[in-house]
Every structure is written in structure tokens, then in C-alpha cells.
file structure-v1.cif (mmCIF, C-alpha atoms)
data_start
#
loop_
_atom_site.label_atom_id
_atom_site.label_comp_id
_atom_site.auth_asym_id
_atom_site.auth_seq_id
_atom_site.Cartn_x
_atom_site.Cartn_y
_atom_site.Cartn_z
CA MET Y 1 0.00 0.00 0.00
CA LEU Y 2 1.28 3.48 -0.84
CA PHE Y 3 1.95 5.67 2.17
CA GLU Y 4 -0.42 8.63 2.19
CA PRO Y 5 -0.53 10.14 5.69
CA ARG Y 6 -3.71 11.89 6.76
CA SER Y 7 -1.59 14.92 7.58
CA GLY Y 8 -0.48 14.96 3.95
CA ARG Y 9 -4.06 14.97 2.65
CA LEU Y 10 -5.07 17.69 5.11
CA ALA Y 11 -2.08 19.87 4.25
CA ALA Y 12 -2.26 19.39 0.47
CA TRP Y 13 -5.99 20.01 0.06
CA GLY Y 14 -6.07 22.60 2.84
CA ASN Y 15 -3.36 24.53 0.97
CA ALA Y 16 -5.34 24.26 -2.27
CA LEU Y 17 -8.42 25.61 -0.50
CA LEU Y 18 -6.51 28.46 1.17
CA ALA Y 19 -5.13 29.40 -2.26
CA GLY Y 20 -8.64 29.44 -3.75
CA LEU Y 21 -7.89 26.59 -6.16
CA VAL Y 22 -10.61 24.18 -4.98
CA SER Y 23 -14.02 24.45 -3.35
CA PRO Y 24 -14.57 23.62 0.33
CA ASP Y 25 -16.58 20.53 -0.64
CA GLU Y 26 -13.82 19.22 -2.92
CA ALA Y 27 -11.17 19.85 -0.28
CA VAL Y 28 -13.11 18.11 2.48
CA LEU Y 29 -13.94 15.05 0.36
CA SER Y 30 -10.29 14.70 -0.65
CA ILE Y 31 -9.08 15.06 2.94
CA LEU Y 32 -11.54 12.43 4.14
CA GLY Y 33 -10.37 9.81 1.67
CA GLU Y 34 -11.89 6.54 2.87
CA ASP Y 35 -12.53 7.82 6.41
CA ALA Y 36 -16.09 8.44 7.57
CA VAL Y 37 -15.65 11.76 9.33
CA HIS Y 38 -12.98 14.22 10.47
CA ARG Y 39 -13.50 16.79 13.22
CA VAL Y 40 -11.24 19.41 14.77
CA ALA Y 41 -11.17 19.90 18.55
CA GLY Y 42 -9.63 22.74 20.52
CA LEU Y 43 -9.79 25.31 17.75
CA PRO Y 44 -9.67 28.89 19.13
CA GLY Y 45 -13.11 30.46 19.03
CA GLU Y 46 -14.98 27.15 19.03
CA SER Y 47 -16.49 25.63 22.17
CA GLY Y 48 -16.29 22.03 20.93
CA PRO Y 49 -15.24 19.84 17.99
CA VAL Y 50 -16.29 21.12 14.57
CA GLY Y 51 -16.36 19.69 11.06
CA LEU Y 52 -13.61 20.23 8.52
CA THR Y 53 -15.46 22.87 6.48
CA LEU Y 54 -16.01 25.10 9.51
CA ALA Y 55 -12.53 24.35 10.87
CA LEU Y 56 -10.75 25.35 7.66
CA GLY Y 57 -12.78 28.54 7.49
CA ARG Y 58 -12.01 29.36 11.12
CA MET Y 59 -8.30 28.70 10.53
CA ARG Y 60 -8.29 31.15 7.63
CA ALA Y 61 -9.94 33.74 9.90
CA LEU Y 62 -7.24 33.12 12.51
CA GLY Y 63 -4.59 34.06 9.97
CA VAL Y 64 -3.52 30.64 8.72
CA THR Y 65 -1.94 31.05 5.29
CA GLY Y 66 -0.66 27.51 4.72
CA LEU Y 67 -0.27 24.04 6.20
CA ARG Y 68 2.94 22.05 6.62
CA VAL Y 69 3.39 18.35 7.40
CA ALA Y 70 5.49 16.79 10.17
CA LEU Y 71 6.32 13.06 10.15
CA PRO Y 72 8.37 12.52 13.31
CA ALA Y 73 9.90 9.25 14.47
CA PRO Y 74 11.87 8.37 17.63
CA GLY Y 75 15.10 10.35 17.52
CA HIS Y 76 13.98 12.28 14.44
CA PRO Y 77 11.56 15.19 15.11
CA LEU Y 78 11.03 15.76 11.39
CA GLY Y 79 8.98 18.89 10.71
CA LEU Y 80 8.44 19.83 14.37
CA SER Y 81 9.39 23.05 16.13
CA GLY Y 82 7.94 22.56 19.63
CA PRO Y 83 6.81 23.00 22.31
CA ALA Y 84 7.35 19.68 24.09
CA GLU Y 85 3.65 18.85 24.51
CA PHE Y 86 2.90 19.22 20.82
CA ASN Y 87 6.04 17.32 19.83
CA ALA Y 88 5.17 14.44 22.18
CA ARG Y 89 1.64 14.09 20.81
CA ALA Y 90 2.86 14.35 17.23
CA LEU Y 91 5.50 11.69 17.87
CA ASP Y 92 2.87 9.41 19.38
CA ALA Y 93 0.65 9.87 16.30
CA GLU Y 94 3.69 9.74 13.97
CA GLU Y 95 2.35 12.75 12.08
CA ALA Y 96 1.02 16.28 12.49
CA VAL Y 97 0.11 19.43 10.59
CA VAL Y 98 1.72 22.77 11.49
CA CYS Y 99 0.04 26.01 10.46
CA ALA Y 100 1.84 28.88 8.74
CA GLY Y 101 0.63 32.33 9.74
CA ALA Y 102 -0.71 31.25 13.14
CA ALA Y 103 0.99 29.43 16.01
CA LEU Y 104 -1.22 26.36 15.80
CA GLY Y 105 -0.72 22.68 15.06
CA LEU Y 106 -3.04 19.72 14.50
CA VAL Y 107 -2.45 16.14 15.66
CA PRO Y 108 -4.80 13.34 14.54
CA GLU Y 109 -6.40 10.79 16.82
CA VAL Y 110 -7.92 7.87 14.91
CA TYR Y 111 -10.92 5.83 16.09
CA GLU Y 112 -12.02 2.57 14.48
CA ALA Y 113 -15.26 0.69 15.05
CA GLY Y 114 -17.09 -2.17 13.37
CA PRO Y 115 -16.30 -5.69 12.18
CA GLU Y 116 -13.41 -6.55 9.87
CA GLY Y 117 -14.24 -5.56 6.33
CA ASP Y 118 -16.70 -2.90 7.47
CA VAL Y 119 -14.60 -0.70 9.74
CA HIS Y 120 -15.87 2.82 10.41
CA VAL Y 121 -12.94 5.25 10.80
CA SER Y 122 -13.31 8.66 12.37
CA VAL Y 123 -10.53 11.16 13.05
CA THR Y 124 -10.31 13.95 15.59
CA TRP Y 125 -7.64 16.56 14.93
CA HIS Y 126 -6.50 18.11 18.21
CA CYS Y 127 -5.54 21.75 17.79
CA LEU Y 128 -2.63 22.81 20.01
CA PRO Y 129 -0.28 25.80 20.28
CA VAL Y 130 3.07 25.46 18.53
CA ARG Y 131 6.32 27.39 18.63
CA GLU Y 132 6.90 29.69 15.68
CA ALA Y 133 10.31 28.49 14.57
CA PRO Y 134 11.85 26.73 11.55
CA PRO Y 135 10.72 23.07 11.39
CA ALA Y 136 13.33 20.43 12.15
CA ASP Y 137 15.32 18.75 9.37
CA VAL Y 138 13.07 19.53 6.40
CA PRO Y 139 15.04 19.49 3.11
CA SER Y 140 14.37 21.42 -0.05
CA LEU Y 141 12.75 19.57 -2.94
CA GLY Y 142 16.07 19.42 -4.76
CA GLU Y 143 17.87 18.00 -1.74
CA ALA Y 144 15.09 15.47 -1.17
CA GLU Y 145 15.21 14.28 -4.77
CA ARG Y 146 18.99 13.82 -4.71
CA GLU Y 147 18.87 12.03 -1.34
CA LEU Y 148 16.17 9.67 -2.57
CA ALA Y 149 18.07 8.68 -5.69
CA GLU Y 150 21.29 8.05 -3.76
CA ALA Y 151 19.62 6.14 -0.92
CA LEU Y 152 17.64 4.01 -3.36
CA ARG Y 153 20.79 3.03 -5.27
CA GLU Y 154 22.71 2.10 -2.12
CA ALA Y 155 19.82 0.20 -0.54
CA THR Y 156 19.05 -1.73 -3.71
CA VAL Y 157 22.61 -3.05 -3.90
CA THR Y 158 22.55 -4.20 -0.27
CA LEU Y 159 19.02 -5.64 -0.33
CA THR Y 160 19.65 -7.47 -3.59
CA ARG Y 161 22.73 -9.08 -2.09
CA LEU Y 162 20.64 -10.16 0.92
CA ASP Y 163 17.78 -11.42 -1.30
CA VAL Y 164 15.24 -9.01 0.19
CA ALA Y 165 15.01 -6.39 -2.53
CA GLY Y 166 11.26 -6.71 -2.97
CA SER Y 167 11.26 -9.44 -5.58
CA GLY Y 168 8.79 -12.28 -5.96
CA PRO Y 169 5.14 -12.47 -6.98
CA VAL Y 170 3.69 -10.50 -4.04
CA ALA Y 171 6.14 -7.66 -4.51
CA GLU Y 172 5.66 -7.63 -8.26
CA ALA Y 173 1.88 -7.48 -7.86
CA ALA Y 174 2.19 -4.55 -5.48
CA LEU Y 175 4.56 -2.69 -7.77
CA SER Y 176 2.30 -3.40 -10.76
CA ALA Y 177 -0.63 -1.92 -8.84
CA TYR Y 178 1.49 1.13 -8.10
CA ARG Y 179 2.39 1.58 -11.76
CA ALA Y 180 -1.24 1.13 -12.83
CA ARG Y 181 -2.42 3.85 -10.46
CA ALA Y 182 0.32 6.19 -11.66
CA GLU Y 183 -0.44 5.54 -15.33
CA ALA Y 184 -4.15 6.12 -14.72
CA GLY Y 185 -3.28 9.67 -13.71
CA ARG Y 186 -3.88 9.34 -9.97
CA ASP Y 187 -3.62 12.76 -8.35
CA VAL Y 188 -0.80 12.44 -5.86
CA LEU Y 189 -1.10 16.07 -4.75
CA ALA Y 190 -3.69 18.81 -4.81
CA PRO Y 191 -3.80 21.70 -7.30
CA GLY Y 192 -1.18 24.40 -6.73
CA TYR Y 193 1.83 22.14 -6.22
CA PRO Y 194 4.86 22.42 -8.53
CA PRO Y 195 5.55 19.45 -10.84
CA ARG Y 196 8.77 18.66 -8.98
CA ALA Y 197 6.82 18.15 -5.75
CA VAL Y 198 4.55 15.66 -7.52
CA ARG Y 199 7.60 13.82 -8.83
CA VAL Y 200 9.35 13.75 -5.45
CA LEU Y 201 6.22 12.54 -3.67
CA ALA Y 202 5.66 9.75 -6.19
CA LEU Y 203 9.28 8.59 -5.86
CA ALA Y 204 9.16 8.79 -2.06
CA GLN Y 205 5.99 6.69 -2.02
CA ARG Y 206 7.61 4.13 -4.31
CA VAL Y 207 10.70 3.96 -2.08
CA ASP Y 208 8.47 3.56 0.98
CA LEU Y 209 6.63 0.73 -0.78
CA MET Y 210 9.92 -1.00 -1.55
CA VAL Y 211 10.97 -0.75 2.10
CA SER Y 212 7.61 -2.09 3.29
CA LEU Y 213 7.83 -5.04 0.93
CA ALA Y 214 11.37 -5.79 2.08
CA TYR Y 215 10.17 -5.94 5.69
CA GLU Y 216 7.08 -8.00 4.81
CA LYS Y 217 9.19 -10.65 3.11
CA GLY Y 218 10.52 -11.72 6.48
CA HIS Y 219 14.12 -12.83 6.48
CA GLY Y 220 14.28 -13.69 2.78
CA GLY Y 221 17.76 -14.94 2.09
CA ALA Y 222 19.17 -13.07 5.07
CA VAL Y 223 19.08 -16.00 7.46
CA ALA Y 224 22.24 -15.18 9.40
CA ALA Y 225 21.90 -12.73 12.28
CA SER Y 226 24.58 -10.54 10.73
CA GLU Y 227 22.67 -10.42 7.42
CA ILE Y 228 19.38 -9.58 9.17
CA ALA Y 229 21.18 -6.73 10.95
CA ALA Y 230 22.69 -5.61 7.63
CA ARG Y 231 19.24 -5.51 6.05
CA ALA Y 232 17.85 -3.40 8.89
CA GLU Y 233 20.90 -1.13 8.65
CA ALA Y 234 20.29 -0.71 4.92
CA LEU Y 235 16.59 0.05 5.33
CA ARG Y 236 16.87 2.53 8.21
CA PRO Y 237 18.43 5.43 6.28
CA VAL Y 238 16.14 4.78 3.31
CA GLU Y 239 13.07 5.10 5.54
CA ARG Y 240 14.46 8.34 6.97
CA VAL Y 241 15.19 9.78 3.54
CA ALA Y 242 11.73 8.79 2.26
CA ARG Y 243 10.03 10.52 5.18
CA ARG Y 244 12.11 13.67 4.61
CA ALA Y 245 11.13 13.64 0.95
CA LEU Y 246 7.44 13.19 1.77
CA VAL Y 247 7.53 16.21 4.07
CA ALA Y 248 9.40 18.30 1.49
CA ALA Y 249 6.83 17.42 -1.18
CA TYR Y 250 3.76 18.12 0.96
CA ASN Y 251 5.27 21.40 2.18
CA ALA Y 252 6.29 22.61 -1.28
CA ALA Y 253 3.17 24.70 -1.90
CA VAL Y 254 3.72 26.74 1.26
CA GLU Y 255 7.44 27.13 0.57
CA GLN Y 256 6.78 28.30 -3.00
CA ARG Y 257 4.10 30.75 -1.89
CA GLU Y 258 6.41 32.26 0.74
CA ARG Y 259 9.23 32.63 -1.82
CA ASP Y 260 6.86 34.44 -4.18
CA LEU Y 261 5.79 37.01 -1.59
#

call {"tool": "encode", "arguments": {"input": "structure-v1.cif", "output": "C-alpha cells"}}
result
Amino acid sequence: MLFEPRSGRLAAWGNALLAGLVSPDEAVLSILGEDAVHRVAGLPGESGPVGLTLALGRMRALGVTGLRVALPAPGHPLGLSGPAEFNARALDAEEAVVCAGAALGLVPEVYEAGPEGDVHVSVTWHCLPVREAPPADVPSLGEAERELAEALREATVTLTRLDVAGSGPVAEAALSAYRARAEAGRDVLAPGYPPRAVRVLALAQRVDLMVSLAYEKGHGGAVAASEIAARAEALRPVERVARRALVAAYNAAVEQRERDL
């Protein structure tokens, strides 16, 4: 499955809405994806949780001019700027959205209910104060693209040697599905993003898919403990680079708008 964080959908389509490129209905439907409902709690000026349409309008009124993504992991606060409470909740959720133009951030809490095959998913975005400071470790699009290409080359050599490079019928089927979606013109980002951001996001998602398949294959040919450790060592920097690239791609619309001002 391609990695499409909820924070990415919220930021991408929220940015398109803030730029006047899509309607509120189109933005909300795209943010929801396959989820049943999203609500925002703790928004200044609102006494309780509100729906996405009202929340996005309220955020605009509060001075929000853009939305950035954070995808933190233990030891890597990617996209965060503090304070500690927000960072801790974002790390627990493994994602967050940080507002430009207002010192606010949003962290998702996901609820699932219902039997397997008919799961009802609802999301509450908790609005919290953030520190107005440069986000941690976010590369430019150019840096992200170069890092991805280099990391992919190095990891492929190592994983191929260890027989865990994502080969076999399951991996091929997943990659074929990826290519089919891409060729069908799947929108990987919302309107208003530069072509390079679309390219970087698509490559980052493909790299993330490769890493996921390598993990799902179990030990593959890497049966010795040293080879298993080598595989994990090869995958770790690739995962980090892919997350950095995802953040750079999702944040590109805000970065471009700020450069143009």
C-alpha cells in the first residue's frame, strides 16, 4: 500500500483551499479519503469539535496562510518546532500538521469501530499551540530528490545481495498496482503544487513501498543474524530519507508561496 498520511491529505488540500484553487466541498472530500468523518477539537473560538469545512474557514480567519506536514519518528523530530507537549503528541501519532501564519498545530487521533471488512474510521484533529520556529530537518525539494536517488541506489545493492530487494510475486503485484495507479493519472497532490513536488512525492511513495515489501518478506535470504542486521541497517536510512522527501513534497506549496511574496 502506498503511504499517504492523513496529515499529507489535510495539508495538500487545505493549501489548495486556502489558495482558492478548490471548493470547500472538494477539499473536504479529498481530505476524508476513505474515512467516515474528520472533526477538529480545541480550535480557538470554538467551544467544541467542529467539522472540517467550519474548521478550515475558522483557521483562515485566525490568519492561517498555509499548512505544513510533520512526520516525526523516535530520535527524528522531522517537521516539528515545539513545544514539548505538541512534539510528544505528534510523535505518538507519527504525524502532524503545522500552520503557517498562526501558532497552531493539528495532531490526529484515529478511532475505528465495526467488524473486519466494514470498519468505520473517524478522526479527531486536536488543535494545540506550537512554537513559531523553523521546522526540524526539512530538506528542499532538490535535496530530497537527490537524497532519494542516492539512498535508493545504495539500498538496492545491499538488499539485492541479501535477497530481500522486494522481488517475488507479491512484490511484483504490489509494484504493478502502483504503476497502474500512476499511469491512470492518480492525483498524488492537490492543485497548486509544482511538478517537482509531484515527482518527489511519487518517488518517495515508491521507495516507501519498496521498504515495506522488504520488511514484509521476512528474512528472505538473510538468514544469518549478521545479514538480518545488515538488512535493517540498509533500510533505516532509506526510511528516513523517504520521510524527509514526503515532508518536502507536501510542504512545497507553502514554501513556494512564501518565496513568491

call {"tool": "resolve_selection", "arguments": {"input": "structure-v1.cif", "expression": "the PyMOL selection byres ((chain Y and resi 246) around 9)", "output": "ChimeraX atom specification"}}
result
/Y:8,69,71,144,200-202,204-205,241-245,247-251

call {"tool": "write_last_selection", "arguments": {"input": "structure-v1.cif", "atoms": "C-alpha atoms", "output": "compact mmCIF listing (two decimals), in the coordinates of the input"}}
result
# COMPACT_ATOMS: atom_id res chain seq x y z
CA GLY Y 8 -0.48 14.96 3.95
CA VAL Y 69 3.39 18.35 7.40
CA LEU Y 71 6.32 13.06 10.15
CA ALA Y 144 15.09 15.47 -1.17
CA VAL Y 200 9.35 13.75 -5.45
CA LEU Y 201 6.22 12.54 -3.67
CA ALA Y 202 5.66 9.75 -6.19
CA ALA Y 204 9.16 8.79 -2.06
CA GLN Y 205 5.99 6.69 -2.02
CA VAL Y 241 15.19 9.78 3.54
CA ALA Y 242 11.73 8.79 2.26
CA ARG Y 243 10.03 10.52 5.18
CA ARG Y 244 12.11 13.67 4.61
CA ALA Y 245 11.13 13.64 0.95
CA VAL Y 247 7.53 16.21 4.07
CA ALA Y 248 9.40 18.30 1.49
CA ALA Y 249 6.83 17.42 -1.18
CA TYR Y 250 3.76 18.12 0.96
CA ASN Y 251 5.27 21.40 2.18

call {"tool": "closest_residue", "arguments": {"input": "structure-v1.cif", "among": "Y:Ala61, Y:Leu203, Y:Leu80, Y:Leu189", "to": "Arg146 of chain Y", "atoms": "only C-alpha atoms"}}
result
Y:Leu203

call {"tool": "closest_residue", "arguments": {"input": "structure-v1.cif", "among": "Y:Glu94, Y:Glu154, Y:Glu34, Y:Glu145", "to": "His76 of chain Y", "atoms": "all atoms listed in the file"}}
result
Y:Glu94

call {"tool": "resolve_selection", "arguments": {"input": "structure-v1.cif", "expression": "the PyMOL selection byres ((chain Y and resi 193) around 10)", "output": "list in words"}}
result
Ala12, Asn15, Ala16, Leu189, Ala190, Pro191, Gly192, Pro194, Pro195, Arg196, Ala197, Val198, Ala249, Tyr250, Asn251, Ala252, Ala253, Val254, Gln256 and Arg257 of chain Y

call {"tool": "residues_near_point", "arguments": {"input": "structure-v1.cif", "point": "(8.9, 27.4, 17.1)", "cutoff": "6 Å", "atoms": "all atoms listed in the file", "output": "PyMOL selection string"}}
result
chain Y and resi 81-82+131-133

call {"tool": "atom_distance", "arguments": {"input": "structure-v1.cif", "atom1": "atom CA of Ala96 of chain Y", "atom2": "atom CA of Arg206 of chain Y"}}
result
21.8 Å

call {"tool": "closest_residue", "arguments": {"input": "structure-v1.cif", "among": "Y:Gly75, Y:Leu29, Y:Pro24, Y:Ala41", "to": "Gly57 of chain Y", "atoms": "only C-alpha atoms"}}
result
Y:Pro24

call {"tool": "residues_around", "arguments": {"input": "structure-v1.cif", "residues": "Ser7 of chain Y", "least_positions_apart": "3", "cutoff": "8 Å", "atoms": "all atoms listed in the file", "output": "PyMOL selection string"}}
result
chain Y and resi 10-11+69-70+95-97+108

call {"tool": "write_last_selection", "arguments": {"input": "structure-v1.cif", "atoms": "C-alpha atoms", "output": "tab-separated table (two decimals), in the frame of the given file"}}
result
chain	number	residue	atom	x	y	z
Y	10	LEU	CA	-5.07	17.69	5.11
Y	11	ALA	CA	-2.08	19.87	4.25
Y	69	VAL	CA	3.39	18.35	7.40
Y	70	ALA	CA	5.49	16.79	10.17
Y	95	GLU	CA	2.35	12.75	12.08
Y	96	ALA	CA	1.02	16.28	12.49
Y	97	VAL	CA	0.11	19.43	10.59
Y	108	PRO	CA	-4.80	13.34	14.54

call {"tool": "axis_aligned_box", "arguments": {"input": "structure-v1.cif", "around": "segment 24-34 of chain Y", "padding_each_side": "6 Å", "output": "lines of an AutoDock Vina configuration file"}}
result
center_x = -12.8
center_y = 15.1
center_z = 0.6
size_x = 19.5
size_y = 29.1
size_z = 19.1

call {"tool": "residues_around", "arguments": {"input": "structure-v1.cif", "residues": "Ala136 of chain Y", "least_positions_apart": "2", "cutoff": "6 Å", "atoms": "only C-alpha atoms", "output": "list in words"}}
result
Leu78, Gly79, Leu80 and Val138 of chain Y

call {"tool": "atom_distance", "arguments": {"input": "structure-v1.cif", "atom1": "atom CA of Gly66 of chain Y", "atom2": "atom CA of Tyr111 of chain Y"}}
result
26.5 Å

call {"tool": "closest_residue", "arguments": {"input": "structure-v1.cif", "among": "Y:Val123, Y:Ala84, Y:Leu106, Y:Ala19", "to": "His38 of chain Y", "atoms": "all atoms listed in the file"}}
result
Y:Val123

call {"tool": "atom_distance", "arguments": {"input": "structure-v1.cif", "atom1": "atom CA of Leu104 of chain Y", "atom2": "atom CA of Leu17 of chain Y"}}
result
17.8 Å

call {"tool": "closest_residue", "arguments": {"input": "structure-v1.cif", "among": "Y:Ala55, Y:Asp260, Y:Arg60, Y:Val110", "to": "Gly20 of chain Y", "atoms": "all atoms listed in the file"}}
result
Y:Arg60

call {"tool": "resolve_selection", "arguments": {"input": "structure-v1.cif", "expression": "the PyMOL selection byres ((chain Y and resi 59) around 10)", "output": "MDAnalysis selection string"}}
result
chainID Y and resid 18 43:45 54:58 60:66 99 101:102 104

call {"tool": "closest_residue", "arguments": {"input": "structure-v1.cif", "among": "Y:Glu4, Y:Asp137, Y:Asp208, Y:Asp35", "to": "Asp118 of chain Y", "atoms": "all atoms listed in the file"}}
result
Y:Asp35
